[in-house]
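**Student:** Contents of final_13.json (JSON, C-alpha atoms) are given next:
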[["chain", "number", "residue", "atom", "x", "y", "z"],
["A", 26, "MET", "CA", -1.96, -11.47, -34.94],
["A", 27, "SER", "CA", -2.03, -9.06, -32.00],
["A", 28, "THR", "CA", -0.07, -9.47, -28.81],
["A", 29, "ILE", "CA", -1.96, -9.54, -25.55],
["A", 30, "PRO", "CA", -0.43, -7.02, -23.16],
["A", 31, "GLU", "CA", 0.83, -8.20, -19.79],
["A", 32, "PRO", "CA", -1.53, -7.25, -16.97],
["A", 33, "THR", "CA", -0.29, -4.71, -14.49],
["A", 34, "PHE", "CA", -0.97, -5.00, -10.79],
["A", 35, "LYS", "CA", -0.50, -2.57, -7.95],
["A", 36, "PRO", "CA", 2.40, -3.63, -5.76],
["A", 37, "SER", "CA", 1.32, -5.29, -2.54],
["A", 38, "THR", "CA", 2.72, -4.23, 0.81],
["A", 39, "LEU", "CA", 2.61, -5.66, 4.30],
["A", 40, "ASP", "CA", 0.83, -2.51, 5.46],
["A", 41, "ALA", "CA", -1.90, -2.98, 2.85],
["A", 42, "TRP", "CA", -2.31, -6.62, 3.88],
["A", 43, "THR", "CA", -2.55, -5.60, 7.55],
["A", 44, "LYS", "CA", -5.35, -3.16, 6.78],
["A", 45, "ALA", "CA", -7.23, -5.68, 4.62],
["A", 46, "ALA", "CA", -6.82, -8.51, 7.16],
["A", 47, "ALA", "CA", -7.98, -6.28, 10.02],
["A", 48, "LYS", "CA", -11.33, -5.95, 8.23],
["A", 49, "SER", "CA", -11.83, -9.73, 8.53],
["A", 50, "ALA", "CA", -10.30, -10.19, 11.96],
["A", 51, "PRO", "CA", -12.63, -10.40, 14.95],
["A", 52, "GLY", "CA", -12.86, -6.89, 16.37],
["A", 53, "GLY", "CA", -10.14, -5.79, 13.92],
["A", 54, "ASP", "CA", -7.55, -7.55, 16.10],
["A", 55, "LEU", "CA", -4.96, -9.32, 13.93],
["A", 56, "GLY", "CA", -3.78, -11.27, 16.98],
["A", 57, "ALA", "CA", -7.15, -13.00, 16.99],
["A", 58, "LEU", "CA", -6.24, -14.62, 13.65],
["A", 59, "ASN", "CA", -3.43, -16.60, 15.29],
["A", 60, "TRP", "CA", -4.30, -20.18, 16.18],
["A", 61, "ILE", "CA", -2.64, -22.73, 18.43],
["A", 62, "THR", "CA", -1.74, -26.24, 17.24],
["A", 63, "PRO", "CA", -2.42, -29.24, 19.49],
["A", 64, "ASP", "CA", 1.31, -29.09, 20.32],
["A", 65, "GLY", "CA", 0.93, -25.53, 21.65],
["A", 66, "ILE", "CA", 2.62, -23.80, 18.72],
["A", 67, "ALA", "CA", 1.18, -20.42, 17.73],
["A", 68, "VAL", "CA", 0.56, -20.14, 13.98],
["A", 69, "LYS", "CA", 0.29, -16.69, 12.45],
["A", 70, "PRO", "CA", -2.05, -15.97, 9.52],
["A", 71, "LEU", "CA", 0.86, -14.64, 7.41],
["A", 72, "TYR", "CA", 4.57, -15.34, 7.30],
["A", 73, "THR", "CA", 7.08, -13.25, 5.34],
["A", 74, "ALA", "CA", 10.81, -13.39, 4.63],
["A", 75, "ALA", "CA", 11.34, -11.34, 7.79],
["A", 76, "ASP", "CA", 10.15, -14.36, 9.82],
["A", 77, "LEU", "CA", 13.09, -16.37, 8.43],
["A", 78, "GLN", "CA", 15.77, -13.87, 9.46],
["A", 79, "GLY", "CA", 18.22, -15.42, 11.88],
["A", 80, "LEU", "CA", 16.87, -18.95, 11.53],
["A", 81, "LYS", "CA", 19.50, -21.63, 10.95],
["A", 82, "TYR", "CA", 19.30, -24.06, 8.06],
["A", 83, "THR", "CA", 16.59, -22.29, 6.04],
["A", 84, "ASP", "CA", 18.62, -22.92, 2.90],
["A", 85, "THR", "CA", 18.82, -26.71, 3.27],
["A", 86, "LEU", "CA", 17.58, -29.23, 0.73],
["A", 87, "PRO", "CA", 16.08, -32.69, 1.22],
["A", 88, "GLY", "CA", 18.60, -35.52, 0.97],
["A", 89, "PHE", "CA", 21.57, -33.52, 2.28],
["A", 90, "GLU", "CA", 23.01, -32.90, 5.74],
["A", 91, "PRO", "CA", 21.72, -31.98, 8.28],
["A", 92, "TYR", "CA", 18.68, -33.88, 6.87],
["A", 93, "LEU", "CA", 16.15, -31.50, 8.38],
["A", 94, "ARG", "CA", 14.01, -31.82, 5.26],
["A", 95, "GLY", "CA", 14.30, -35.60, 5.06],
["A", 96, "PRO", "CA", 16.82, -38.24, 4.06],
["A", 97, "GLN", "CA", 15.73, -38.62, 0.42],
["A", 98, "ALA", "CA", 16.24, -35.98, -2.26],
["A", 99, "THR", "CA", 12.83, -36.75, -3.78],
["A", 100, "MET", "CA", 11.20, -37.41, -0.41],
["A", 101, "TYR", "CA", 9.58, -40.59, -1.68],
["A", 102, "ALA", "CA", 7.74, -38.76, -4.48],
["A", 103, "VAL", "CA", 7.57, -41.98, -6.51],
["A", 104, "ARG", "CA", 6.21, -44.12, -3.65],
["A", 105, "PRO", "CA", 2.74, -44.18, -2.12],
["A", 106, "TRP", "CA", 2.37, -42.43, 1.20],
["A", 107, "THR", "CA", 2.44, -44.72, 4.24],
["A", 108, "ILE", "CA", 2.03, -44.38, 7.99],
["A", 109, "ARG", "CA", 4.22, -46.36, 10.38],
["A", 110, "GLN", "CA", 4.39, -46.66, 14.13]]
Please rewrite the model in this file as structure tokens.
**Tutor:**
Amino acid sequence: MSTIPEPTFKPSTLDAWTKAAAKSAPGGDLGALNWITPDGIAVKPLYTAADLQGLKYTDTLPGFEPYLRGPQATMYAVRPWTIRQ
């Protein structure tokens, strides 16, 4: 029985992504790929670890203080989803 070799891939870089995304962006402008939520928040087409630098509480877990990711550790995974007002 032969072993299937692991595939090899070229490493990806942010620069390579920027060049590839610019091909799809209107007029080659990556800023045109940003969109604004109804709340006025700008959403970028790509976020990386660099976007998390300096942000507080990025290492929190659900069910633990300061409860930014919810009060339950499982976040109601065993219950049906509901909407309340």
**Student:** Write out as number ranges by chain the residues lying within 10 Å of range 30-46 of chain A, counting all atoms listed in the file and excluding same-chain residues fewer than 6 positions away.
**Tutor:** A: 53-55, 58, 70-71, 73
**Student:** Rounded to one decimal, what separation in Å do you get between CA of Thr99 in chain A and CA of Pro87 in chain A?
**Tutor:** 7.2 Å
**Student:** Give me the residues near Thr85 in chain A as a PyMOL selection string, where near means some atom within 12 Å (using only C-alpha atoms) and where sequence neighbours in that chain fewer than 4 positions away do not count.
**Tutor:** chain A and resi 80-81+89-96+98
**Student:** Around all the atoms of range 90-93 of chain A listed in the file, draw an axis-aligned box and extend it by 5 Å on each of the six sides; I want its centre and edge lengths in Å to one decimal, as lines of an AutoDock Vina configuration file.
**Tutor:**
center_x = 19.6
center_y = -32.7
center_z = 7.1
size_x = 16.9
size_y = 12.4
size_z = 12.6
**Student:** What is the distance, in Å and to one decimal place, between CA of Ala102 in chain A and CA of Thr83 in chain A?
**Tutor:** 21.5 Å
**Student:** Emit range 87-101 of chain A of the structure in the block as a file comprising N, CA and C atoms, as a tab-separated table (two decimals), in the first residue's frame.
**Tutor:**
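As written to disk, result26.tsv reads:
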chain	number	residue	atom	x	y	z
A	87	PRO	N	-16.45	32.63	25.87
A	87	PRO	CA	-17.83	32.76	26.32
A	87	PRO	C	-18.03	32.09	27.68
A	88	GLY	N	-18.85	32.73	28.51
A	88	GLY	CA	-19.16	32.16	29.82
A	88	GLY	C	-18.27	32.66	30.94
A	89	PHE	N	-17.30	33.51	30.62
A	89	PHE	CA	-16.37	34.02	31.62
A	89	PHE	C	-16.29	35.54	31.54
A	90	GLU	N	-16.00	36.16	32.68
A	90	GLU	CA	-15.87	37.63	32.71
A	90	GLU	C	-14.87	38.08	31.67
A	91	PRO	N	-15.10	39.18	31.04
A	91	PRO	CA	-16.13	40.20	31.19
A	91	PRO	C	-17.40	39.93	30.38
A	92	TYR	N	-17.63	38.69	29.99
A	92	TYR	CA	-18.85	38.25	29.29
A	92	TYR	C	-19.08	38.97	27.96
A	93	LEU	N	-18.02	39.35	27.29
A	93	LEU	CA	-18.17	40.00	25.99
A	93	LEU	C	-18.61	39.03	24.91
A	94	ARG	N	-18.39	37.74	25.15
A	94	ARG	CA	-18.78	36.73	24.16
A	94	ARG	C	-19.98	35.93	24.63
A	95	GLY	N	-20.69	36.47	25.62
A	95	GLY	CA	-21.92	35.85	26.09
A	95	GLY	C	-21.79	35.25	27.46
A	96	PRO	N	-22.94	35.05	28.13
A	96	PRO	CA	-22.93	34.56	29.50
A	96	PRO	C	-22.81	33.04	29.63
A	97	GLN	N	-23.07	32.31	28.57
A	97	GLN	CA	-23.03	30.85	28.62
A	97	GLN	C	-21.81	30.31	27.89
A	98	ALA	N	-21.15	29.32	28.48
A	98	ALA	CA	-19.96	28.75	27.85
A	98	ALA	C	-20.28	28.13	26.49
A	99	THR	N	-21.45	27.51	26.37
A	99	THR	CA	-21.83	26.87	25.10
A	99	THR	C	-22.67	27.77	24.22
A	100	MET	N	-22.99	28.95	24.75
A	100	MET	CA	-23.79	29.94	24.00
A	100	MET	C	-25.07	29.32	23.43
A	101	TYR	N	-25.75	28.57	24.27
A	101	TYR	CA	-27.04	27.99	23.94
A	101	TYR	C	-26.98	27.04	22.74
